[in-house]
Each structure stands twice: as structure tokens, then as C-alpha cells.
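Here the structure is laid out as C-alpha cells; the discussion comes afterwards.
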Amino acid sequence: MQQQQRSVQKRSSWQVTLHVWHALFMREAMARITGDRLGWLWIFVEPLAHILIFIGIRQLMGRIRHISGAEFIPWFVVGMVTFLMFSTVMNRCINAISSNRALFAYRQVHPVDTILVRAALEGTLKVLVLCLLVLGGQALALDVMPANALVVASVWLSLWLLALGAGLVLSVPVTVVPEFAKFVTMLTMPLYFLSGVIFPIQFLPREVREFLLYNPIYHAVELSRGAFFPHYQLLPGISLQYLLFWALSLVLLGLMLQLRYKARLMAQ
Amino acid sequence: MSILSTNEPPMIAVDSLYKRYHGPFGGDWVLKDVNFSIPRGISVGLVGRNGAGKSTLLRLLGGMDTPDKGRIVQNCQVSWPIGLGGGFQGSMTGRQNVKFVARIHGGEARIGQIIDFVQDFAEIGKAFDQPVKTYSSGMRSRLAFGLSLAFDFDVYLSDEATSVGDASFKAKATAAFRERIGSASLIMVSHSTGILKDLCQAGIWLHQGQAIWYDKLDDAINDYHNSIGKA
């Protein structure tokens with residue numbers, strides 16, 4: 001009986017994968033909580049810090065403009081949290097392979113598993129942050145309840161897919177050529193501004209706006225705001241379909257790259 | 001090849017295996033047309049000089065790496081390569097690492113049992129709840145060995161897993177494997193011939209990319225020692 005229990009059972013590929021995802025999820029969650037001294041606290045303090053700093057800057061500069069259909073602070077907070085969801089999930093995914101390298105000693109664990117699990121964990125955390133911010137705003141008597149929660153959910157899911165896709169794609173060059181990480185950091189910095197998080201893109205000239213509409217993250221930020229504030233004016237051309245097109249293409253490309261370069265990604 | 005004459009299919013069959021690592025300046029073949037098969041229940045000692053490809057062969061057998069050409073057929077459950085070369089996430093504690101490995105092997109249901117077993121076998125005391133990066137190599141090896149023994153594999157792959165342990169641990173590890181002879185076998189890389197002779201019957205000498213099979217380990221060790229001019 002004892003012998004029977006101890007033996008390693010034959011499992012189907014799916015069962016093995018599910019066991020690996022569970023194990024990785026528990027490990028990642030533990031690492032996130034106990035990783036540094038701030039642990040859990042930082043997950044909630046980080047977006048709050050971003051929000052307070054930028055609101056402070058705007059107040060000092062006295063340039064609070066009127067945004068049609070929304071108050072500035074909720075408008076800014078929704079855009080910021082949406083953008084942070086993308087950038088955090090993507091950045092955590094990019095580093096997933098190198099931070100779990102030791103675990104590839106077990107043939108059950110594939111590089112792509114670490115990325116999928118990280119994206120799931122980080123996405124869950126960001127949804128929690130959003131919920132807490134909404135409830136907190138409500139407690140402060142700010143009108144931040146989403147007008148259409150289902151649309152918020154579908155936009156966030158699409159943006160999460162986009163972040164996962166970007167993570168799957170970029171983790172390949174970053175893991176194989178670590179120097180590439182510097183370029184990624186440089187390239188993602190202007191995204192903050194190009195996605196209309198701080199500055200309303202509606203105020204820019206038409207030529208610039210049309211150029212910025214190529215950025216799928218901007219679509220997600222605006223769609224998110226549109227779902228929160230019932231009278232918010234969306235620019236023509238903002239579409240969930242465009243966002244999803246990018247998200248699914250990147251996920252597909254990413255999975256292909258992960259398959260093609262698996263051996264290189266696992267190499268020490 | 002007398003042991004192979006039985007009708008039973010071999011436990012592990014390696015068929016014209018090629019492996020090389022691509023560095024920036026290309027790479028020579030580490031393993032070049034390697035062929036052998038291991039009958040069920042036979043433990044094998046791998047010998048060869050440093051860089052002969054012993055660890056590479058173990059990684060291939062453990063499924064950590066894929067061959068460039070050729071194939072490996074396994075009719076058994078094979079462990080991960082147990083040894084110094086990793087398998088533990090340094091930032092996680094011993095306990096967390098054990099939990100992780102238990103889970104990926106589908107052992108969630110008896111995770112408590114596994115933890116007790118490993119803790120008991122490794123005897124590293126409070127360090128079990130410290131990050132693995134703070135461990136000495138001996139402590140790591142105790143943990144790695146105990147962890148692998150918590151699962152009943154048909155074949156255990158050991159890459160110098162016992163070499164850094166102290167005398168009492170070596171004795172314990174040897175005893176643990178002695179107990180399993182008959183139900184499990186071992187493919188072992190070690191530079192200490194003592195432990196090889198204790199635990200293995202057959203031998204493979206890796207020499208210039210080739211693997212030479214010996215039904216008797218002593219012959220493999222002799223040929224290897226002769227080749228390096230050690231009588």
C-alpha cells in the first residue's frame with residue numbers, strides 16, 4: 001500500500017501541465033509576498049504613488065484642463081491603472097524565464113509555463129488593485145463606479161492578452177541576449193505618454209492623433225475610460241477589435257517563438 | 001553483451017545519439033553516435049574525464065535537453081538529474097523547493113508526507129526553512145538526495161550527488177540505494193570509484209564522444225584509468 005502511494009503516477013500531458021501551473025503559481029505568489037521587505041504592501045502602494053505624484057505635478061502646474069465627460073482625477077486614475085496593468089504584466093513576463101531558470105532541471109517545467117503563470121498572477125493582482133481603488137474612491141465620495149462593468153472586464157481581458165503576447169515575444173530576445181533588456185526599457189518608457197495616460201490626446205492636432213491611434217494600448221486606456229464614464233467622448237477610430245487584433249497576433253507570434261527557441265531559452 | 005540476450009525490452013535504449021552545444025564559434029560534438037541499452041534492474045556507473053560528456057548524457061536521459069540527432073527510448077520512470085547542477089531555486093527555502101517538486105510530480109495529496117520524509121532524510125535542521133542560496137554544497141546535496149528518494153522512480157540519475165556529503169551522509173545515501181536494488185536502478189556519474197563499485201554493476205566509459213558499454217563496471221574503470229595513465 002505504502003509502495004503504491006509513493007510511486008510516480010502516469011499522468012496525461014494536460015494533468016502534468018496543470019500540476020506544473022499550480023506549483024509555479026504557488027511559488028510565484030510566495031515570492032511576490034515574501035520577495036522583499038515591502039512585499040504585499042508595494043503591490044498597492046505602487047499605483048497609489050504614481051497617482052499621487054502625477055496629481056501633485058498637475059496641481060503645482062495649475063494646468064488642470066476640462067476633460068469632456070469626466071472629472072480629471074478619476075479620468076487619470078482609470079487610465080493609469082489600466083496602463084500599469086499592461087506594463088507590469090509585460091515586464092514581469094519578460095523576466096519570468098530568467099528568474100525560474102533553476103526549475104528547468106525538471107523536464108515537466110517548460111519556459112512558456114513560467115510566463116503564462118506570471119501573467120495570470122500579475123493580472124489577478126492588478127484586478128484586485130483596481131477593485132480596491134474603485135471601492136476606495138467610492139468611500140471618498142468620488143464617482144468612480146464603472147458605468148459598464150462588463151465592458152471594463154472585456155477591455156481588461158484584451159489588454160491582459162496584449163501584455164501576455166508582448167511578454168511572450170519579448171522574453172525570447174531578452175533571455176537569449178540579455179543586453180536587449182535595456183532597449184526594451186527604453187522603448188517602453190515613452191509608452192506612458194503615447195498611451196494618453198497623463199495628457200488627453202483629444203487636445204492634440206489631428207495628424208498626431210491619427211499617428212497615436214496605431215498604439216493598441218491607447219485604445220485600451222480610452223476604452224476603459226469610456227466604460228467607466230458614461231458621458232466620456234471616445235475619439236473616432238478607437239476600437240476593441242483593433243486591440244484584440246494586436247493581442248491575439250502577439251500571443252500567437254509569442255507562442256510560436258517560444259516553441260521555436262525552447263532549447264535556447266532553457267540553456268544555461 | 002550477454003545481459004542483453006533476454007527477450008525483455010531494455011529499460012533505456014539510446015540510438016545513434018548526437019549532441020553538441022552551439023557557442024559563438026560553433027561547437028564540436030560532445031556526444032557523437034552514442035549507442036547503448038540498459039537492461040531492466042541494472043545500475044550503471046558513468047566514467048570519463050572532465051568534459052567527456054557525462055553530465056550532458058545525464059541531462060539528455062533526464063529530458064532536460066534534446067539531442068541534435070538520434071533518440072532515447074525509455075520504458076520506465078526516470079528521475080531528474082540529481083546533483084550539484086541546480087534543481088533548486090536559490091531564493092526559495094528548502095521547504096518551498098520540496099513543495100514545488102512534490103506538486104509538479106503530482107504529489108499534492110501527500111505533500112505533508114513528502115516534506116516529513118525529506119526533512120527526516122536531509123537532517124539539515126532549521127536550515128530547511130532558510131533560502132537554499134544560503135546552503136553549503138553538502139546541505140544542498142542532502143536536500144537534493146532526500147527529495148529524489150521521496151518518489152519511487154524506476155531509474156535515478158545521479159550527477160556527483162553524493163560526492164560532497166560527509167561520511168555519515170554517504171553511508172546513509174548508499175544504504176538508501178541498497179534498499180532499493182531490485183526495484184530501482186541508478187545511472188551514476190562519480191569520480192570516486194568506491195561508491196560506483198558499491199552501487200553499480202555495469203559501466204559506460206565516455207571517451208572522445210563515444211560511449212563504450214561494459215557488462216562489468218571494473219572493466220570500464222580499468223580502461224578509463226589506463227587511458228589517463230593511472231594504473
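Chain labels follow the order of the C-alpha cells: the first chain is A, the next B, and so on; residue numbering restarts at 1 in every chain, and ligands are counted from 1 in their shown order.
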
Should the cut-off be 12 Å, what would the residue list for chain A against chain B look like, counting only C-alpha atoms, as a PDB file with N, CA and C atoms, in the first residue's frame?
ATOM      1  N   GLN A   2       1.799   1.275   0.959  1.00  0.00           N
ATOM      2  CA  GLN A   2       2.742   2.387   1.063  1.00  0.00           C
ATOM      3  C   GLN A   2       3.493   2.556  -0.262  1.00  0.00           C
ATOM      4  N   GLN A   3       3.936   1.430  -0.785  1.00  0.00           N
ATOM      5  CA  GLN A   3       4.701   1.428  -2.028  1.00  0.00           C
ATOM      6  C   GLN A   3       3.873   2.007  -3.177  1.00  0.00           C
ATOM      7  N   GLN A   4       2.619   1.568  -3.209  1.00  0.00           N
ATOM      8  CA  GLN A   4       1.702   2.020  -4.249  1.00  0.00           C
ATOM      9  C   GLN A   4       1.584   3.538  -4.251  1.00  0.00           C
ATOM     10  N   GLN A   5       1.454   4.088  -3.050  1.00  0.00           N
ATOM     11  CA  GLN A   5       1.221   5.528  -2.910  1.00  0.00           C
ATOM     12  C   GLN A   5       2.429   6.343  -3.332  1.00  0.00           C
ATOM     13  N   ARG A   6       3.612   5.825  -3.036  1.00  0.00           N
ATOM     14  CA  ARG A   6       4.810   6.611  -3.266  1.00  0.00           C
ATOM     15  C   ARG A   6       5.187   6.695  -4.735  1.00  0.00           C
ATOM     16  N   SER A   7       4.743   5.706  -5.513  1.00  0.00           N
ATOM     17  CA  SER A   7       5.243   5.637  -6.869  1.00  0.00           C
ATOM     18  C   SER A   7       4.749   6.827  -7.687  1.00  0.00           C
ATOM     19  N   VAL A   8       5.552   7.198  -8.669  1.00  0.00           N
ATOM     20  CA  VAL A   8       5.219   8.323  -9.523  1.00  0.00           C
ATOM     21  C   VAL A   8       4.175   7.858 -10.518  1.00  0.00           C
ATOM     22  N   GLN A   9       3.013   8.520 -10.488  1.00  0.00           N
ATOM     23  CA  GLN A   9       1.903   8.064 -11.300  1.00  0.00           C
ATOM     24  C   GLN A   9       2.058   8.482 -12.757  1.00  0.00           C
ATOM     25  N   LYS A  10       1.499   7.671 -13.612  1.00  0.00           N
ATOM     26  CA  LYS A  10       1.409   8.049 -15.032  1.00  0.00           C
ATOM     27  C   LYS A  10       0.320   9.099 -15.145  1.00  0.00           C
ATOM     28  N   ARG A  11       0.647  10.240 -15.726  1.00  0.00           N
ATOM     29  CA  ARG A  11      -0.350  11.290 -15.869  1.00  0.00           C
ATOM     30  C   ARG A  11      -0.406  11.705 -17.338  1.00  0.00           C
ATOM     31  N   SER A  12      -1.552  12.234 -17.737  1.00  0.00           N
ATOM     32  CA  SER A  12      -1.649  12.734 -19.102  1.00  0.00           C
ATOM     33  C   SER A  12      -0.895  14.059 -19.181  1.00  0.00           C
ATOM     34  N   SER A  13      -0.562  14.487 -20.417  1.00  0.00           N
ATOM     35  CA  SER A  13       0.202  15.731 -20.582  1.00  0.00           C
ATOM     36  C   SER A  13      -0.512  16.907 -19.944  1.00  0.00           C
ATOM     37  N   TRP A  14      -1.841  16.907 -20.088  1.00  0.00           N
ATOM     38  CA  TRP A  14      -2.597  18.025 -19.526  1.00  0.00           C
ATOM     39  C   TRP A  14      -2.523  18.052 -18.017  1.00  0.00           C
ATOM     40  N   GLN A  15      -2.611  16.848 -17.427  1.00  0.00           N
ATOM     41  CA  GLN A  15      -2.525  16.783 -15.958  1.00  0.00           C
ATOM     42  C   GLN A  15      -1.175  17.300 -15.487  1.00  0.00           C
ATOM     43  N   VAL A  16      -0.112  16.865 -16.195  1.00  0.00           N
ATOM     44  CA  VAL A  16       1.226  17.329 -15.819  1.00  0.00           C
ATOM     45  C   VAL A  16       1.285  18.846 -15.912  1.00  0.00           C
ATOM     46  N   THR A  17       0.764  19.392 -17.017  1.00  0.00           N
ATOM     47  CA  THR A  17       0.799  20.836 -17.207  1.00  0.00           C
ATOM     48  C   THR A  17       0.035  21.555 -16.101  1.00  0.00           C
ATOM     49  N   LEU A  18      -1.134  21.028 -15.754  1.00  0.00           N
ATOM     50  CA  LEU A  18      -1.917  21.675 -14.699  1.00  0.00           C
ATOM     51  C   LEU A  18      -1.175  21.623 -13.368  1.00  0.00           C
ATOM     52  N   HIS A  19      -0.532  20.483 -13.083  1.00  0.00           N
ATOM     53  CA  HIS A  19       0.244  20.381 -11.843  1.00  0.00           C
ATOM     54  C   HIS A  19       1.389  21.393 -11.844  1.00  0.00           C
ATOM     55  N   VAL A  20       2.053  21.537 -13.003  1.00  0.00           N
ATOM     56  CA  VAL A  20       3.162  22.492 -13.089  1.00  0.00           C
ATOM     57  C   VAL A  20       2.645  23.917 -12.880  1.00  0.00           C
ATOM     58  N   TRP A  21       1.532  24.250 -13.508  1.00  0.00           N
ATOM     59  CA  TRP A  21       0.980  25.605 -13.351  1.00  0.00           C
ATOM     60  C   TRP A  21       0.618  25.874 -11.901  1.00  0.00           C
ATOM     61  N   HIS A  22       0.032  24.896 -11.260  1.00  0.00           N
ATOM     62  CA  HIS A  22      -0.324  25.077  -9.852  1.00  0.00           C
ATOM     63  C   HIS A  22       0.923  25.311  -9.015  1.00  0.00           C
ATOM     64  N   ALA A  23       1.936  24.459  -9.225  1.00  0.00           N
ATOM     65  CA  ALA A  23       3.169  24.575  -8.447  1.00  0.00           C
ATOM     66  C   ALA A  23       3.833  25.926  -8.688  1.00  0.00           C
ATOM     67  N   LEU A  24       3.884  26.346  -9.954  1.00  0.00           N
ATOM     68  CA  LEU A  24       4.525  27.625 -10.281  1.00  0.00           C
ATOM     69  C   LEU A  24       3.736  28.789  -9.701  1.00  0.00           C
ATOM     70  N   PHE A  25       2.402  28.674  -9.747  1.00  0.00           N
ATOM     71  CA  PHE A  25       1.573  29.764  -9.235  1.00  0.00           C
ATOM     72  C   PHE A  25       1.830  29.958  -7.748  1.00  0.00           C
ATOM     73  N   MET A  26       1.866  28.841  -7.006  1.00  0.00           N
ATOM     74  CA  MET A  26       2.118  28.936  -5.566  1.00  0.00           C
ATOM     75  C   MET A  26       3.493  29.534  -5.311  1.00  0.00           C
ATOM     76  N   ARG A  27       4.474  29.090  -6.113  1.00  0.00           N
ATOM     77  CA  ARG A  27       5.826  29.595  -5.915  1.00  0.00           C
ATOM     78  C   ARG A  27       5.908  31.089  -6.215  1.00  0.00           C
ATOM     79  N   GLU A  28       5.289  31.507  -7.336  1.00  0.00           N
ATOM     80  CA  GLU A  28       5.343  32.915  -7.725  1.00  0.00           C
ATOM     81  C   GLU A  28       4.623  33.786  -6.701  1.00  0.00           C
ATOM     82  N   ALA A  29       3.477  33.285  -6.228  1.00  0.00           N
ATOM     83  CA  ALA A  29       2.719  34.074  -5.259  1.00  0.00           C
ATOM     84  C   ALA A  29       3.522  34.248  -3.979  1.00  0.00           C
ATOM     85  N   MET A  30       4.168  33.160  -3.510  1.00  0.00           N
ATOM     86  CA  MET A  30       5.007  33.244  -2.316  1.00  0.00           C
ATOM     87  C   MET A  30       6.145  34.231  -2.530  1.00  0.00           C
ATOM     88  N   ALA A  31       6.782  34.139  -3.707  1.00  0.00           N
ATOM     89  CA  ALA A  31       7.926  35.005  -3.989  1.00  0.00           C
ATOM     90  C   ALA A  31       7.481  36.470  -4.011  1.00  0.00           C
ATOM     91  N   ARG A  32       6.288  36.721  -4.501  1.00  0.00           N
ATOM     92  CA  ARG A  32       5.777  38.084  -4.605  1.00  0.00           C
ATOM     93  C   ARG A  32       5.493  38.655  -3.218  1.00  0.00           C
ATOM     94  N   THR A  34       6.827  37.455  -0.210  1.00  0.00           N
ATOM     95  CA  THR A  34       7.971  37.464   0.699  1.00  0.00           C
ATOM     96  C   THR A  34       9.236  37.937   0.005  1.00  0.00           C
ATOM     97  N   GLY A  35       9.122  38.317  -1.278  1.00  0.00           N
ATOM     98  CA  GLY A  35      10.308  38.653  -2.071  1.00  0.00           C
ATOM     99  C   GLY A  35      11.142  39.779  -1.485  1.00  0.00           C
ATOM    100  N   ASP A  36      10.517  40.875  -1.092  1.00  0.00           N
ATOM    101  CA  ASP A  36      11.281  41.945  -0.462  1.00  0.00           C
ATOM    102  C   ASP A  36      10.533  42.417   0.764  1.00  0.00           C
ATOM    103  N   SER A  98      14.177  33.983 -16.878  1.00  0.00           N
ATOM    104  CA  SER A  98      15.465  34.032 -16.183  1.00  0.00           C
ATOM    105  C   SER A  98      15.297  33.869 -14.684  1.00  0.00           C
ATOM    106  N   SER A  99      14.152  34.276 -14.103  1.00  0.00           N
ATOM    107  CA  SER A  99      14.050  34.106 -12.648  1.00  0.00           C
ATOM    108  C   SER A  99      13.612  32.702 -12.247  1.00  0.00           C
ATOM    109  N   ASN A 100      13.253  31.859 -13.202  1.00  0.00           N
ATOM    110  CA  ASN A 100      12.875  30.487 -12.834  1.00  0.00           C
ATOM    111  C   ASN A 100      13.822  29.457 -13.429  1.00  0.00           C
ATOM    112  N   ARG A 101      14.993  29.931 -13.860  1.00  0.00           N
ATOM    113  CA  ARG A 101      15.887  29.060 -14.617  1.00  0.00           C
ATOM    114  C   ARG A 101      16.221  27.753 -13.898  1.00  0.00           C
ATOM    115  N   ALA A 102      16.418  27.842 -12.584  1.00  0.00           N
ATOM    116  CA  ALA A 102      16.827  26.644 -11.841  1.00  0.00           C
ATOM    117  C   ALA A 102      15.763  25.551 -11.941  1.00  0.00           C
ATOM    118  N   LEU A 103      14.521  25.951 -12.174  1.00  0.00           N
ATOM    119  CA  LEU A 103      13.438  24.962 -12.141  1.00  0.00           C
ATOM    120  C   LEU A 103      13.330  24.173 -13.448  1.00  0.00           C
ATOM    121  N   PHE A 104      14.087  24.574 -14.462  1.00  0.00           N
ATOM    122  CA  PHE A 104      14.062  23.802 -15.705  1.00  0.00           C
ATOM    123  C   PHE A 104      14.826  22.493 -15.559  1.00  0.00           C
ATOM    124  N   ALA A 105      15.386  22.254 -14.376  1.00  0.00           N
ATOM    125  CA  ALA A 105      16.020  20.965 -14.115  1.00  0.00           C
ATOM    126  C   ALA A 105      14.972  19.854 -14.144  1.00  0.00           C
ATOM    127  N   TYR A 106      13.716  20.228 -13.978  1.00  0.00           N
ATOM    128  CA  TYR A 106      12.639  19.239 -14.022  1.00  0.00           C
ATOM    129  C   TYR A 106      12.006  19.311 -15.392  1.00  0.00           C
ATOM    130  N   ARG A 107      12.012  18.191 -16.106  1.00  0.00           N
ATOM    131  CA  ARG A 107      11.605  18.246 -17.511  1.00  0.00           C
ATOM    132  C   ARG A 107      10.132  18.623 -17.667  1.00  0.00           C
ATOM    133  N   GLN A 108       9.358  18.534 -16.574  1.00  0.00           N
ATOM    134  CA  GLN A 108       7.942  18.896 -16.643  1.00  0.00           C
ATOM    135  C   GLN A 108       7.752  20.400 -16.859  1.00  0.00           C
ATOM    136  N   VAL A 109       8.737  21.194 -16.457  1.00  0.00           N
ATOM    137  CA  VAL A 109       8.595  22.649 -16.489  1.00  0.00           C
ATOM    138  C   VAL A 109       9.167  23.196 -17.800  1.00  0.00           C
ATOM    139  N   HIS A 110       8.338  23.874 -18.572  1.00  0.00           N
ATOM    140  CA  HIS A 110       8.788  24.489 -19.815  1.00  0.00           C
ATOM    141  C   HIS A 110       8.894  25.998 -19.614  1.00  0.00           C
ATOM    142  N   PRO A 111       9.753  26.660 -20.368  1.00  0.00           N
ATOM    143  CA  PRO A 111       9.893  28.114 -20.201  1.00  0.00           C
ATOM    144  C   PRO A 111       8.559  28.844 -20.334  1.00  0.00           C
ATOM    145  N   ASP A 113       5.633  27.993 -19.545  1.00  0.00           N
ATOM    146  CA  ASP A 113       4.793  27.863 -18.342  1.00  0.00           C
ATOM    147  C   ASP A 113       5.034  29.012 -17.375  1.00  0.00           C
ATOM    148  N   LYS A 262      12.738  27.088 -27.776  1.00  0.00           N
ATOM    149  CA  LYS A 262      12.658  26.496 -26.439  1.00  0.00           C
ATOM    150  C   LYS A 262      14.018  26.045 -25.910  1.00  0.00           C
ATOM    151  N   ALA A 263      14.782  25.367 -26.765  1.00  0.00           N
ATOM    152  CA  ALA A 263      16.072  24.840 -26.318  1.00  0.00           C
ATOM    153  C   ALA A 263      17.005  25.976 -25.909  1.00  0.00           C
ATOM    154  N   ARG A 264      17.008  27.071 -26.695  1.00  0.00           N
ATOM    155  CA  ARG A 264      17.872  28.206 -26.381  1.00  0.00           C
ATOM    156  C   ARG A 264      17.451  28.863 -25.078  1.00  0.00           C
ATOM    157  N   LEU A 265      16.133  28.932 -24.845  1.00  0.00           N
ATOM    158  CA  LEU A 265      15.639  29.595 -23.647  1.00  0.00           C
ATOM    159  C   LEU A 265      16.002  28.807 -22.399  1.00  0.00           C
ATOM    160  N   MET A 266      16.107  27.488 -22.547  1.00  0.00           N
ATOM    161  CA  MET A 266      16.405  26.654 -21.378  1.00  0.00           C
ATOM    162  C   MET A 266      17.891  26.574 -21.117  1.00  0.00           C
ATOM    163  N   ALA A 267      18.715  26.867 -22.133  1.00  0.00           N
ATOM    164  CA  ALA A 267      20.164  26.735 -21.975  1.00  0.00           C
ATOM    165  C   ALA A 267      20.652  27.648 -20.863  1.00  0.00           C
ATOM    166  N   GLN A 268      21.634  27.176 -20.146  1.00  0.00           N
ATOM    167  CA  GLN A 268      22.144  27.963 -19.002  1.00  0.00           C
ATOM    168  C   GLN A 268      22.880  29.206 -19.480  1.00  0.00           C
TER     169      GLN A 268
END

Taking 6 positions as the minimum chain separation for residues in the same chain, which residues sit within 8 Å of Lys19 of chain B when counting only C-alpha atoms? Answer as a CSV table (one decimal) with C-alpha atoms, in the first residue's frame.
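Output file around11.csv follows:
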chain,number,residue,atom,x,y,z
B,29,TRP,CA,30.3,17.1,-30.9
B,30,VAL,CA,30.1,16.4,-27.2
B,31,LEU,CA,28.4,13.1,-28.0
B,32,LYS,CA,28.9,11.5,-31.4
B,67,PRO,CA,19.6,15.5,-28.7
B,68,ASP,CA,20.6,17.0,-32.1
B,69,LYS,CA,20.2,13.6,-33.7

Exercise. Any chance you could list, as a PyMOL selection string, the residues in segment 10-174 of chain B that come up strand (DSSP E or B) when DSSP is run on the backbone?
Key: chain B and resi 12-20+23-24+26+29-38+44-47+69-74+78-83+93+131+152+155-159

Selection export as a PDB file, in the first residue's frame, atoms kept: C-alpha atoms:
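Okay, again.pdb is ready:
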ATOM      1  CA  ILE B  12      16.535   2.543 -21.659  1.00  0.00           C
ATOM      2  CA  ALA B  13      17.722   2.370 -25.247  1.00  0.00           C
ATOM      3  CA  VAL B  14      19.927   5.054 -26.746  1.00  0.00           C
ATOM      4  CA  ASP B  15      20.071   5.039 -30.512  1.00  0.00           C
ATOM      5  CA  SER B  16      22.762   6.908 -32.523  1.00  0.00           C
ATOM      6  CA  LEU B  17      22.673   9.933 -30.268  1.00  0.00           C
ATOM      7  CA  TYR B  18      24.437  13.157 -31.283  1.00  0.00           C
ATOM      8  CA  LYS B  19      24.720  16.285 -29.186  1.00  0.00           C
ATOM      9  CA  ARG B  20      26.681  19.488 -29.461  1.00  0.00           C
ATOM     10  CA  GLY B  23      28.701  28.529 -28.890  1.00  0.00           C
ATOM     11  CA  PRO B  24      29.549  31.753 -30.696  1.00  0.00           C
ATOM     12  CA  GLY B  26      30.477  26.726 -33.370  1.00  0.00           C
ATOM     13  CA  TRP B  29      30.260  17.139 -30.939  1.00  0.00           C
ATOM     14  CA  VAL B  30      30.111  16.353 -27.228  1.00  0.00           C
ATOM     15  CA  LEU B  31      28.417  13.054 -27.974  1.00  0.00           C
ATOM     16  CA  LYS B  32      28.911  11.510 -31.381  1.00  0.00           C
ATOM     17  CA  ASP B  33      26.946   8.457 -32.414  1.00  0.00           C
ATOM     18  CA  VAL B  34      26.326   7.078 -28.943  1.00  0.00           C
ATOM     19  CA  ASN B  35      24.539   3.731 -28.761  1.00  0.00           C
ATOM     20  CA  PHE B  36      23.773   1.553 -25.768  1.00  0.00           C
ATOM     21  CA  SER B  37      20.889  -0.053 -23.985  1.00  0.00           C
ATOM     22  CA  ILE B  38      20.430  -0.629 -20.309  1.00  0.00           C
ATOM     23  CA  VAL B  44      25.305   1.816 -14.418  1.00  0.00           C
ATOM     24  CA  GLY B  45      28.340   3.873 -13.495  1.00  0.00           C
ATOM     25  CA  LEU B  46      29.401   6.532 -15.990  1.00  0.00           C
ATOM     26  CA  VAL B  47      33.115   7.225 -16.119  1.00  0.00           C
ATOM     27  CA  LYS B  69      20.214  13.615 -33.732  1.00  0.00           C
ATOM     28  CA  GLY B  70      19.167  10.164 -32.627  1.00  0.00           C
ATOM     29  CA  ARG B  71      16.735   9.183 -29.919  1.00  0.00           C
ATOM     30  CA  ILE B  72      16.305   7.827 -26.434  1.00  0.00           C
ATOM     31  CA  VAL B  73      13.589   5.264 -25.706  1.00  0.00           C
ATOM     32  CA  GLN B  74      12.613   4.868 -22.065  1.00  0.00           C
ATOM     33  CA  VAL B  78      13.258   8.420 -14.829  1.00  0.00           C
ATOM     34  CA  SER B  79      14.117  10.989 -12.165  1.00  0.00           C
ATOM     35  CA  TRP B  80      15.566  14.412 -12.845  1.00  0.00           C
ATOM     36  CA  PRO B  81      19.378  14.521 -12.711  1.00  0.00           C
ATOM     37  CA  ILE B  82      20.137  14.774  -9.003  1.00  0.00           C
ATOM     38  CA  GLY B  83      23.268  16.678  -8.246  1.00  0.00           C
ATOM     39  CA  THR B  93      13.524  27.904   1.201  1.00  0.00           C
ATOM     40  CA  PRO B 131      16.640  30.093   1.402  1.00  0.00           C
ATOM     41  CA  ASP B 152       9.712   5.953  -6.354  1.00  0.00           C
ATOM     42  CA  VAL B 155      15.745   4.946 -12.510  1.00  0.00           C
ATOM     43  CA  TYR B 156      17.580   7.598 -10.517  1.00  0.00           C
ATOM     44  CA  LEU B 157      20.065   9.812 -12.322  1.00  0.00           C
ATOM     45  CA  SER B 158      22.835  10.989 -10.034  1.00  0.00           C
ATOM     46  CA  ASP B 159      25.434  13.533 -11.089  1.00  0.00           C
TER      47      ASP B 159
END

Quiz item: Which residue out of A:Val152, A:Leu255, A:Met145, A:Ala120 has the minimum interatomic distance to Arg92 of chain A when only C-alpha atoms are used?
Solution: A:Ala120

Quiz item: What's the 10 Å shell around segment 241-248 of chain A, counting only C-alpha atoms, without same-chain residues fewer than 2 positions away, as a PyMOL selection string?
Solution: chain A and resi 155+157-166+213-220+223+237-239+250-254

Exercise. Could you check how far atom CA of Arg140 of chain B sits from atom CA of Ile124 of chain B, in Å to one decimal?
Key: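 Computing the Euclidean distance for atom CA of Arg140 of chain B and atom CA of Ile124 of chain B yields 9.3 Å.
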
Quiz prompt | All residues 12 Å or closer to Val151 of chain A, only C-alpha atoms, same chain fewer than 2 positions away omitted, as a list in words | solution = Pro146, Ala147, Asn148, Ala149, Ala153, Ser154, Val155, Trp156, Leu157, Ser158, Ala220, Glu222, Leu223, Ser224, Arg225, Gly226, Ala227, Phe228, Phe229, Pro230 and Leu240 of chain A

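For segment 190-192 of chain A, the set of protein, DNA and RNA residues having any atom at most 12 Å away, when counting only C-alpha atoms and skipping those fewer than 4 positions along the same chain, is His50, Gly79, Met80, Val81, Thr82, Phe83, Leu84, Met85, Phe86, Ser87, Val184, Thr185, Met186, Gly196, Val197, Ile198, Phe199, Leu212, Tyr214, Asn215, Pro216, Ile217, Tyr218 and Val221 of chain A.
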
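The residue that comes closest to Gly137 of chain A, out of A:Ile53, A:Gln233, A:Val77, A:Val117 and on the basis of only C-alpha atoms, is A:Val77.
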
Quiz prompt | Test item, helix (DSSP H, G or I) assignment across segment 13-82 of chain B, answer as a PyMOL selection string | solution = chain B and resi 54-61

Just C-alpha atoms for this one: save the residues we selected as an mmCIF file, in the first residue's frame.
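Here's the written file part.cif:
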data_model
loop_
_atom_site.group_PDB
_atom_site.id
_atom_site.type_symbol
_atom_site.label_atom_id
_atom_site.label_comp_id
_atom_site.auth_asym_id
_atom_site.auth_seq_id
_atom_site.Cartn_x
_atom_site.Cartn_y
_atom_site.Cartn_z
ATOM 1 C CA LYS B 54 28.859 12.605 -18.707
ATOM 2 C CA SER B 55 26.620 15.373 -17.412
ATOM 3 C CA THR B 56 25.377 16.056 -20.934
ATOM 4 C CA LEU B 57 24.368 12.428 -21.282
ATOM 5 C CA LEU B 58 22.547 12.559 -17.933
ATOM 6 C CA ARG B 59 20.737 15.748 -18.956
ATOM 7 C CA LEU B 60 19.615 14.052 -22.154
ATOM 8 C CA LEU B 61 18.455 10.971 -20.270
#

Practice problem: Return the single residue from B:Arg95, B:Ile42, B:Lys126, B:Cys76 that is closest to Ile111 of chain B, with distances computed using only C-alpha atoms. | Solution: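 Result for the nearest residue to Ile111 of chain B: B:Arg95.
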
Practice problem: May I ask which of the residues A:Leu135, A:Val78, A:Leu204, A:Leu257 is the closest one to Leu235 of chain A, counting only C-alpha atoms? | Solution: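 Distance minimum relative to Leu235 of chain A lands on A:Leu204.
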
Quiz item: Quick one: distance from atom CA of Glu179 of chain A to atom CA of Asn91 of chain A in Å, one decimal?
Solution: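 About the pair atom CA of Glu179 of chain A and atom CA of Asn91 of chain A: they are 15.0 Å apart.
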
Exercise. For segment 193-204 of chain B, list every protein, DNA or RNA residue within 6 Å, evaluated using only C-alpha atoms, and leave out those in the same chain fewer than 6 positions away; present the list as a PyMOL selection string.
Key: chain B and resi 43-46+212-217+220

Self-check item: Within 8 Å of Val112 of chain A using only C-alpha atoms, minus same-chain residues under 6 positions, as a PyMOL selection string
Solution: chain A and resi 97+168+255+258
